[in-house]
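J.: First the structure, then my questions, so here it is.
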Protein chains: 2
Amino acid sequence: MSQPTSSSEAEREEGLALRPRFDASGLVTCVATDVTSGDVLMVAHMNDEALRRTIETGDAWYYSRSRKALWRKGESSGQVQRVVEMRMDCDQDAIWIKVEQTGAACHTGRRSCFYRTVTKGEGGAAKVAFVDAERLFDPNAVYHKGS
Amino acid sequence: MSQPTSSSEAEREEGLALRPRFDASGLVTCVATDVTSGDVLMVAHMNDEALRRTIETGDAWYYSRSRKALWRKGESSGQVQRVVEMRMDCDQDAIWIKVEQTGAACHTGRRSCFYRTVTKGEGGAAKVAFVDAERLFDPNAVYHKGS
């Protein structure tokens, strides 16, 4: 969101070349929204390989920072994401994909990872409440099948 | 998106306490969407103070990594964001705000920072195209008024 200070940055913002600005860990942020409802389903990360595979295959691939591994969304859970449209942002450090989500995007079994609202409560403190928090699958059954 | 491995992580996912998981730089990712169209307007970052002020005031505050400064969205450009709803994600390292956006969210003058699509081109290479890229303001006039 900073102003361009070089022709390289201007080119990144106004050009037609995909030149992702990966962070120190080699990642860009990816926001996945439901193509039908418009809801944000999840925020995750892509490395160069995940981004390339997503563009090539039309399935969402991510890079898991905790597992340090490339990851095709749904490969364990079956809850795959089919990419309908991909966009990149001005400075090319964030990707937005509109997806057809099979089942639930969240590993907790909810449709979206964003199943809690935050509002201003008593005395200005934050108040958290569940919303759209119904589970579409049981994460213990899905992820721990063999254990 | 990893499985919880401790009661602390389970509490963060299923609890009613706001316990943001700030990264090494003290930041969480924030996705702002247009409350009317559902479009993703921008992806930015919040530190503890930006998050607190956003909750308290209902205006979107961010932390600029490039300027290393707290920043009320629109304070230079007048393109403010009024927060209609805030949600946090499962592991509390990402925030989603639905906003009423005055004018344009992007510093380039576009409504959204995501004004380019990425598709699979010839031979599997990425093909970039502008879409919804009309400028609502002239960034040189807005940001360089005094220079």
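Within each chain, counting starts at residue 1; across the structure tokens, chains are named A, B, ... in the order shown, with ligands numbered 1 upward in that order.
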Residues of chain B in strand (DSSP E) according to DSSP, as a ChimeraX atom specification?
T.: /B:28-34,40-46,61-64,69-72,81-88,94-101,116-120,126-130
J.: Write out, as a Markdown table, each residue of chain B that has an atom at most 8 Å from chain A, together with the closest pair of atoms and their distance in Å to one decimal, counting only C-alpha atoms, rows going by chain and rising number.
T.:
| residue | atom | partner | partner_atom | distance |
| --- | --- | --- | --- | --- |
| B:Met1 | CA | A:His107 | CA | 6.3 |
| B:Ser2 | CA | A:Ser66 | CA | 6.5 |
| B:Gln3 | CA | A:His107 | CA | 7.3 |
| B:Leu16 | CA | A:Val128 | CA | 5.2 |
| B:Ala17 | CA | A:Val128 | CA | 6.4 |
| B:Leu18 | CA | A:Val128 | CA | 6.7 |
| B:Val31 | CA | A:Val31 | CA | 7.7 |
| B:Gly38 | CA | A:Gly38 | CA | 5.2 |
| B:Asp39 | CA | A:Gly38 | CA | 7.2 |
| B:Val40 | CA | A:Trp96 | CA | 7.5 |
| B:Met42 | CA | A:Asp89 | CA | 7.6 |
| B:Val43 | CA | A:Ala94 | CA | 6.9 |
| B:Ala44 | CA | A:Met1 | CA | 7.8 |
| B:Ile55 | CA | A:Lys120 | CA | 5.8 |
| B:Glu56 | CA | A:Gly124 | CA | 5.8 |
| B:Ser64 | CA | A:Met1 | CA | 7.8 |
| B:Ser66 | CA | A:Ser2 | CA | 6.6 |
| B:Arg67 | CA | A:Ser2 | CA | 7.7 |
| B:Glu85 | CA | A:Thr117 | CA | 7.3 |
| B:Met86 | CA | A:Val118 | CA | 5.3 |
| B:Arg87 | CA | A:Thr117 | CA | 4.2 |
| B:Met88 | CA | A:Phe114 | CA | 5.4 |
| B:Asp89 | CA | A:Phe114 | CA | 4.3 |
| B:Cys90 | CA | A:Cys113 | CA | 5.2 |
| B:Ala94 | CA | A:Val43 | CA | 6.9 |
| B:Trp96 | CA | A:Phe114 | CA | 7.4 |
| B:Cys106 | CA | A:Met1 | CA | 7.3 |
| B:His107 | CA | A:Met1 | CA | 6.2 |
| B:Thr108 | CA | A:Cys90 | CA | 7.7 |
| B:Cys113 | CA | A:Asp89 | CA | 4.9 |
| B:Phe114 | CA | A:Asp89 | CA | 4.3 |
| B:Tyr115 | CA | A:Asp89 | CA | 6.8 |
| B:Arg116 | CA | A:Arg87 | CA | 5.5 |
| B:Thr117 | CA | A:Arg87 | CA | 4.2 |
| B:Val118 | CA | A:Met86 | CA | 5.3 |
| B:Thr119 | CA | A:Ile55 | CA | 6.5 |
| B:Lys120 | CA | A:Ile55 | CA | 5.8 |
| B:Gly124 | CA | A:Glu56 | CA | 5.8 |
| B:Ala125 | CA | A:Glu56 | CA | 7.8 |
| B:Ala126 | CA | A:Leu18 | CA | 6.8 |
| B:Lys127 | CA | A:Ala17 | CA | 7.6 |
| B:Val128 | CA | A:Leu16 | CA | 5.2 |
| B:Ala129 | CA | A:Leu16 | CA | 6.4 |
| B:Phe130 | CA | A:Leu16 | CA | 8.0 |
J.: I need the residues from that last selection saved to file as a compact mmCIF listing (two decimals), in the first residue's frame (with N, CA and C atoms), if you can.
T.:
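Saved result, out.txt, follows:
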# COMPACT_ATOMS: atom_id res chain seq x y z
N MET B 1 -4.13 -22.92 10.02
CA MET B 1 -4.85 -24.05 9.42
C MET B 1 -4.35 -25.40 9.92
N SER B 2 -3.44 -25.41 10.91
CA SER B 2 -2.94 -26.66 11.44
C SER B 2 -3.87 -27.18 12.52
N GLN B 3 -3.75 -28.44 12.84
CA GLN B 3 -4.56 -29.02 13.89
C GLN B 3 -4.08 -28.53 15.24
N LEU B 16 -14.09 -17.71 23.46
CA LEU B 16 -14.74 -16.42 23.25
C LEU B 16 -13.84 -15.27 23.71
N ALA B 17 -12.54 -15.53 23.77
CA ALA B 17 -11.59 -14.46 24.10
C ALA B 17 -10.85 -14.05 22.83
N LEU B 18 -10.68 -12.75 22.69
CA LEU B 18 -9.87 -12.25 21.58
C LEU B 18 -8.40 -12.40 21.97
N VAL B 31 -8.14 -8.61 5.99
CA VAL B 31 -8.79 -8.56 4.69
C VAL B 31 -10.00 -7.65 4.80
N GLY B 38 -19.24 -7.31 -1.85
CA GLY B 38 -18.53 -8.50 -1.41
C GLY B 38 -17.12 -8.59 -1.94
N ASP B 39 -16.72 -7.67 -2.81
CA ASP B 39 -15.37 -7.71 -3.39
C ASP B 39 -14.30 -7.51 -2.31
N VAL B 40 -13.19 -8.20 -2.48
CA VAL B 40 -12.04 -7.93 -1.63
C VAL B 40 -11.44 -6.59 -2.08
N MET B 42 -8.82 -4.86 -0.20
CA MET B 42 -7.39 -4.80 0.11
C MET B 42 -7.03 -5.83 1.17
N VAL B 43 -5.75 -6.13 1.22
CA VAL B 43 -5.18 -6.95 2.28
C VAL B 43 -4.09 -6.11 2.94
N ALA B 44 -4.19 -5.95 4.24
CA ALA B 44 -3.20 -5.13 4.95
C ALA B 44 -2.92 -5.78 6.30
N ILE B 55 -11.60 -1.59 16.64
CA ILE B 55 -12.74 -2.07 17.44
C ILE B 55 -13.41 -0.90 18.17
N GLU B 56 -12.59 -0.04 18.73
CA GLU B 56 -13.13 1.06 19.54
C GLU B 56 -13.86 2.12 18.71
N SER B 64 1.32 0.19 8.80
CA SER B 64 2.06 0.15 7.54
C SER B 64 3.45 -0.40 7.78
N SER B 66 5.79 -0.62 5.50
CA SER B 66 6.80 0.18 4.79
C SER B 66 7.08 1.49 5.53
N ARG B 67 6.03 2.08 6.06
CA ARG B 67 6.22 3.36 6.76
C ARG B 67 6.47 3.16 8.26
N GLU B 85 -18.78 -4.95 10.01
CA GLU B 85 -18.65 -6.20 10.78
C GLU B 85 -17.19 -6.62 10.81
N MET B 86 -16.75 -7.13 11.95
CA MET B 86 -15.40 -7.69 12.06
C MET B 86 -15.51 -9.15 12.46
N ARG B 87 -14.72 -9.96 11.78
CA ARG B 87 -14.63 -11.37 12.17
C ARG B 87 -13.16 -11.76 12.31
N MET B 88 -12.90 -12.76 13.14
CA MET B 88 -11.53 -13.28 13.22
C MET B 88 -11.56 -14.74 12.82
N ASP B 89 -10.41 -15.24 12.42
CA ASP B 89 -10.39 -16.61 11.92
C ASP B 89 -10.03 -17.61 13.03
N CYS B 90 -10.08 -18.87 12.65
CA CYS B 90 -9.95 -19.98 13.60
C CYS B 90 -8.74 -19.83 14.52
N ALA B 94 -5.75 -13.90 11.49
CA ALA B 94 -6.31 -13.12 10.38
C ALA B 94 -7.65 -12.53 10.79
N TRP B 96 -11.12 -10.39 9.27
CA TRP B 96 -11.91 -10.01 8.09
C TRP B 96 -12.83 -8.87 8.50
N CYS B 106 -7.67 1.49 -2.95
CA CYS B 106 -6.28 1.31 -3.39
C CYS B 106 -5.58 2.65 -3.57
N HIS B 107 -4.30 2.69 -3.17
CA HIS B 107 -3.52 3.92 -3.30
C HIS B 107 -3.29 4.30 -4.77
N THR B 108 -3.57 3.38 -5.70
CA THR B 108 -3.44 3.70 -7.13
C THR B 108 -4.70 4.41 -7.64
N CYS B 113 -7.70 -3.00 -4.62
CA CYS B 113 -6.31 -3.28 -5.00
C CYS B 113 -6.21 -4.43 -6.00
N PHE B 114 -7.30 -5.20 -6.12
CA PHE B 114 -7.25 -6.40 -6.97
C PHE B 114 -7.85 -6.10 -8.33
N TYR B 115 -7.13 -5.30 -9.13
CA TYR B 115 -7.62 -4.82 -10.41
C TYR B 115 -7.01 -5.58 -11.60
N ARG B 116 -6.36 -6.71 -11.30
CA ARG B 116 -5.82 -7.55 -12.38
C ARG B 116 -6.16 -9.02 -12.14
N THR B 117 -6.56 -9.68 -13.21
CA THR B 117 -6.82 -11.12 -13.13
C THR B 117 -5.58 -11.88 -13.58
N VAL B 118 -5.49 -13.10 -13.10
CA VAL B 118 -4.41 -14.01 -13.51
C VAL B 118 -5.05 -15.27 -14.04
N THR B 119 -4.74 -15.61 -15.28
CA THR B 119 -5.29 -16.84 -15.87
C THR B 119 -4.14 -17.65 -16.47
N LYS B 120 -4.47 -18.85 -16.88
CA LYS B 120 -3.46 -19.71 -17.53
C LYS B 120 -3.36 -19.33 -18.99
N GLY B 124 0.78 -22.81 -20.38
CA GLY B 124 0.64 -22.91 -18.93
C GLY B 124 1.18 -21.70 -18.19
N ALA B 125 1.80 -20.76 -18.89
CA ALA B 125 2.32 -19.56 -18.24
C ALA B 125 1.16 -18.68 -17.78
N ALA B 126 1.43 -17.83 -16.80
CA ALA B 126 0.39 -16.94 -16.28
C ALA B 126 0.13 -15.80 -17.24
N LYS B 127 -1.15 -15.46 -17.38
CA LYS B 127 -1.53 -14.33 -18.22
C LYS B 127 -2.27 -13.31 -17.33
N VAL B 128 -1.81 -12.08 -17.37
CA VAL B 128 -2.37 -11.04 -16.50
C VAL B 128 -3.18 -10.06 -17.34
N ALA B 129 -4.34 -9.65 -16.83
CA ALA B 129 -5.18 -8.68 -17.54
C ALA B 129 -5.82 -7.72 -16.56
N PHE B 130 -5.99 -6.49 -16.97
CA PHE B 130 -6.67 -5.51 -16.12
C PHE B 130 -8.18 -5.76 -16.15
J.: Lay chain B over chain A with a least-squares fit on all the C-alpha atoms, paired in sequence, and tell me the RMSD.
T.: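 The C-alpha RMSD comes out at 0.0 Å.
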J.: Go ahead and compute the interatomic distance for atom CA of A:Val99 and atom CA of B:Asp59, in Å to one decimal.
T.: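 Straight-line distance from atom CA of A:Val99 to atom CA of B:Asp59 works out to 29.1 Å.
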J.: I need the residues of stretch 50-132 of chain B that end up classed as helix (DSSP H, G or I) by DSSP on the backbone, written out as a ChimeraX atom specification.
T.: /B:50-57,122-124
J.: Atoms to include: N, CA and C atoms. Write the selected residues as a compact mmCIF listing (two decimals), in the first residue's frame.
T.:
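Result written to result35.txt:
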# COMPACT_ATOMS: atom_id res chain seq x y z
N ALA B 50 -3.62 -0.97 16.26
CA ALA B 50 -4.54 -0.77 15.13
C ALA B 50 -5.82 -1.58 15.34
N LEU B 51 -5.67 -2.79 15.80
CA LEU B 51 -6.84 -3.65 16.05
C LEU B 51 -7.71 -3.05 17.14
N ARG B 52 -7.09 -2.59 18.21
CA ARG B 52 -7.83 -2.00 19.32
C ARG B 52 -8.58 -0.75 18.88
N ARG B 53 -7.89 0.11 18.13
CA ARG B 53 -8.54 1.35 17.67
C ARG B 53 -9.67 1.06 16.69
N THR B 54 -9.49 0.06 15.85
CA THR B 54 -10.54 -0.29 14.90
C THR B 54 -11.80 -0.74 15.64
N ILE B 55 -11.60 -1.59 16.64
CA ILE B 55 -12.74 -2.07 17.44
C ILE B 55 -13.41 -0.90 18.17
N GLU B 56 -12.59 -0.04 18.73
CA GLU B 56 -13.13 1.06 19.54
C GLU B 56 -13.86 2.12 18.71
N THR B 57 -13.28 2.46 17.55
CA THR B 57 -13.79 3.61 16.80
C THR B 57 -14.72 3.24 15.66
N GLU B 122 -0.74 -19.20 -22.69
CA GLU B 122 -0.07 -20.14 -23.60
C GLU B 122 0.96 -20.99 -22.85
N GLY B 123 0.93 -22.28 -23.08
CA GLY B 123 1.94 -23.16 -22.49
C GLY B 123 1.90 -23.22 -20.98
N GLY B 124 0.78 -22.81 -20.38
CA GLY B 124 0.64 -22.91 -18.93
C GLY B 124 1.18 -21.70 -18.19
